[in-house]
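S.K.: Quick one: the structure is below, and I'll ask about it shortly.
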Amino acid sequence: MKEASNGQSDGEDELRFFPLEGLLPVGQALSVNTTYSILSLVSTHTENDNPILLQELLTETDVRLLLLLLELPYYCPQEVLRASLFYSYSGLLAGLSSETAARAEWQTTIEEQRLHLLRAQELGTRKKELKPLYNALSKLRAKLHPFGLEIALFASSSAYSLLSLSQISEANEQ
């Protein structure tokens, strides 16, 4: 199995690693096995016999969205997430890698989705076009809560971000 740090990797059967500093407790990170669709919370301290703290089996749709949220945890535009729903899984994985041709094709798909959503806005059908994304994110949101993470929609309704549940509860207490 190939391991990657900071979400970067170059194989199909792979484990992608995301430290998410500021979103997870110190000494913890998320890893995503893109072959078997498994999300793991792992300890980054080497003295642990078993570094896996928590695991969740995901659907392919969950993995598509989660990889993008982990790549862009503080601002992930709707068109990027929506593009992942309508793009081949292998193409998405390649587009997130350093492969230049695949990355260019992925960026073209994102731009097509951005234009599609702009047209939908003009026609008054944007909400309908985003319904599959809303539904998929709702299912993923519930799976992320045990990991201490929440998916939040920006007030502008144009992008999503990951938030720490502990930060949300601290803000609500103040």
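Letters for chains follow the order of the structure tokens (A, B, ...), residue numbers begin at 1 for each chain, and ligand numbers begin at 1 in the order shown.
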Show me, as a compact mmCIF listing (two decimals) with N, CA and C atoms, in the first residue's frame, the residues that have an atom within 12 Å of Gly22 (chain A) when counting only C-alpha atoms, minus same-chain residues fewer than 2 positions from it.

M.R.:
# COMPACT_ATOMS: atom_id res chain seq x y z
N PHE A 18 -3.84 13.04 6.22
CA PHE A 18 -4.17 14.45 6.37
C PHE A 18 -4.01 14.87 7.83
N PRO A 19 -2.98 15.64 8.17
CA PRO A 19 -2.76 16.06 9.57
C PRO A 19 -3.87 16.98 10.12
N LEU A 20 -4.44 17.85 9.31
CA LEU A 20 -5.52 18.77 9.71
C LEU A 20 -5.22 19.50 11.01
N LEU A 24 -7.99 18.82 14.36
CA LEU A 24 -7.91 17.60 15.17
C LEU A 24 -6.97 17.85 16.34
N PRO A 25 -7.12 17.08 17.41
CA PRO A 25 -6.18 17.22 18.53
C PRO A 25 -4.74 16.96 18.08
N VAL A 26 -3.79 17.57 18.77
CA VAL A 26 -2.38 17.37 18.48
C VAL A 26 -2.07 15.88 18.60
N GLY A 27 -1.31 15.37 17.63
CA GLY A 27 -0.94 13.96 17.66
C GLY A 27 -1.93 13.05 16.95
N GLN A 28 -2.91 13.65 16.29
CA GLN A 28 -3.90 12.85 15.55
C GLN A 28 -4.00 13.35 14.11
N ALA A 29 -4.37 12.45 13.22
CA ALA A 29 -4.55 12.79 11.81
C ALA A 29 -5.61 11.85 11.23
N PRO A 73 -9.67 22.14 3.37
CA PRO A 73 -10.53 22.10 4.57
C PRO A 73 -11.13 23.43 5.00
N TYR A 74 -10.54 24.53 4.60
CA TYR A 74 -11.02 25.82 5.08
C TYR A 74 -11.90 26.55 4.07
N GLY A 148 -15.03 14.10 15.41
CA GLY A 148 -14.92 15.45 15.95
C GLY A 148 -14.96 16.54 14.90
N LEU A 149 -15.51 16.23 13.72
CA LEU A 149 -15.54 17.20 12.62
C LEU A 149 -16.97 17.48 12.16
N LEU A 162 -14.45 22.47 6.78
CA LEU A 162 -14.47 21.56 7.92
C LEU A 162 -14.24 22.38 9.17
N LEU A 163 -14.98 22.05 10.21
CA LEU A 163 -14.81 22.69 11.52
C LEU A 163 -14.65 21.61 12.57
N SER A 164 -13.95 21.96 13.62
CA SER A 164 -13.82 21.07 14.76
C SER A 164 -15.07 21.20 15.62
N LEU A 165 -15.67 20.08 16.00
CA LEU A 165 -16.86 20.12 16.87
C LEU A 165 -16.53 20.75 18.21
N SER A 166 -15.31 20.56 18.70
CA SER A 166 -14.93 21.15 19.99
C SER A 166 -14.87 22.67 19.89
N GLN A 167 -14.41 23.19 18.75
CA GLN A 167 -14.38 24.64 18.56
C GLN A 167 -15.79 25.21 18.47

S.K.: Find the spatial neighbours of Leu68 (chain A), counting only C-alpha atoms, within a cut-off of 9 Å - ignore same-chain residues fewer than 3 positions away - and output them as a PyMOL selection string.

M.R.: chain A and resi 63-65+71-73+76+80-81+84+96

S.K.: Using only C-alpha atoms, please write the residues we just selected to a file, as a tab-separated table (two decimals), in the first residue's frame.

M.R.:
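Contents of again12.tsv, freshly written:
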chain	number	residue	atom	x	y	z
A	63	VAL	CA	-14.86	9.44	-0.24
A	64	ARG	CA	-15.23	11.70	-3.29
A	65	LEU	CA	-16.51	14.58	-1.14
A	71	GLU	CA	-7.59	18.83	0.46
A	72	LEU	CA	-9.34	22.21	0.93
A	73	PRO	CA	-10.53	22.10	4.57
A	76	CYS	CA	-14.02	24.13	-0.64
A	80	VAL	CA	-15.49	21.53	-6.79
A	81	LEU	CA	-17.64	19.25	-4.63
A	84	SER	CA	-16.59	15.21	-7.86
A	96	LEU	CA	-5.86	15.16	-7.09

S.K.: Select, from A:Arg82, A:Thr100, A:Leu57, A:Pro132, the residue with the minimum atom-to-atom distance to Leu69 (chain A), counting only C-alpha atoms.

M.R.: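 Distance minimum relative to Leu69 (chain A) lands on A:Arg82.
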
S.K.: For a test of reading the model, state the distance in Å between CA of Tyr160 (chain A) and CA of Leu144 (chain A), rounded to one decimal.

M.R.: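 The value is 14.2 Å.
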
S.K.: Go through A:Ser157, A:Glu112, A:Asp62, A:Trp106 one by one, measure the shortest atom-to-atom distance of each to Ala142 (chain A) using only C-alpha atoms, and give the residue with the smallest value.

M.R.: A:Asp62

S.K.: As an exercise, work out the distance from CA of Thr35 (chain A) to CA of Leu15 (chain A) in Å and give it to one decimal place.

M.R.: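 CA of Leu15 (chain A) lies at a distance of 8.2 Å from CA of Thr35 (chain A).
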
S.K.: For a quick check of understanding, using only C-alpha atoms, which of A:Val42, A:Ser158, A:Thr59, A:Leu53 has the smallest distance to Lys127 (chain A)?

M.R.: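 Residue with the minimum atom-to-atom distance to Lys127 (chain A): A:Ser158.
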
S.K.: Using only C-alpha atoms, find the one residue out of A:Ala159, A:Glu150, A:Gln78, A:Thr109 that sits nearest to Leu133 (chain A).

M.R.: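 Of the candidates, the smallest distance to Leu133 (chain A) is held by A:Gln78.
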
S.K.: Given the choices A:Glu60, A:Pro146, A:Glu14, A:Tyr87, which gets closest to Leu41 (chain A) if the distance is worked out from only C-alpha atoms?

M.R.: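 Selected residue with least distance to Leu41 (chain A): A:Pro146.
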
S.K.: Can you pull out every residue from chain A that DSSP, working from the backbone, puts in strand (DSSP E or B), and format the result as number ranges by chain?

M.R.: A: 2-4, 14-18, 21, 24, 28-33, 38-43, 52-57, 76-77, 149-153, 159-164

S.K.: How far is it from CA of Leu153 (chain A) to CA of Ala104 (chain A), in Å with one decimal?

M.R.: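 Separation between CA of Leu153 (chain A) and CA of Ala104 (chain A): 26.9 Å.
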
S.K.: Go through A:Phe147, A:Val32, A:Glu105, A:Gln121 one by one, measure the shortest atom-to-atom distance of each to Leu67 (chain A) using only C-alpha atoms, and give the residue with the smallest value.

M.R.: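 The closest residue to Leu67 (chain A) is A:Val32.
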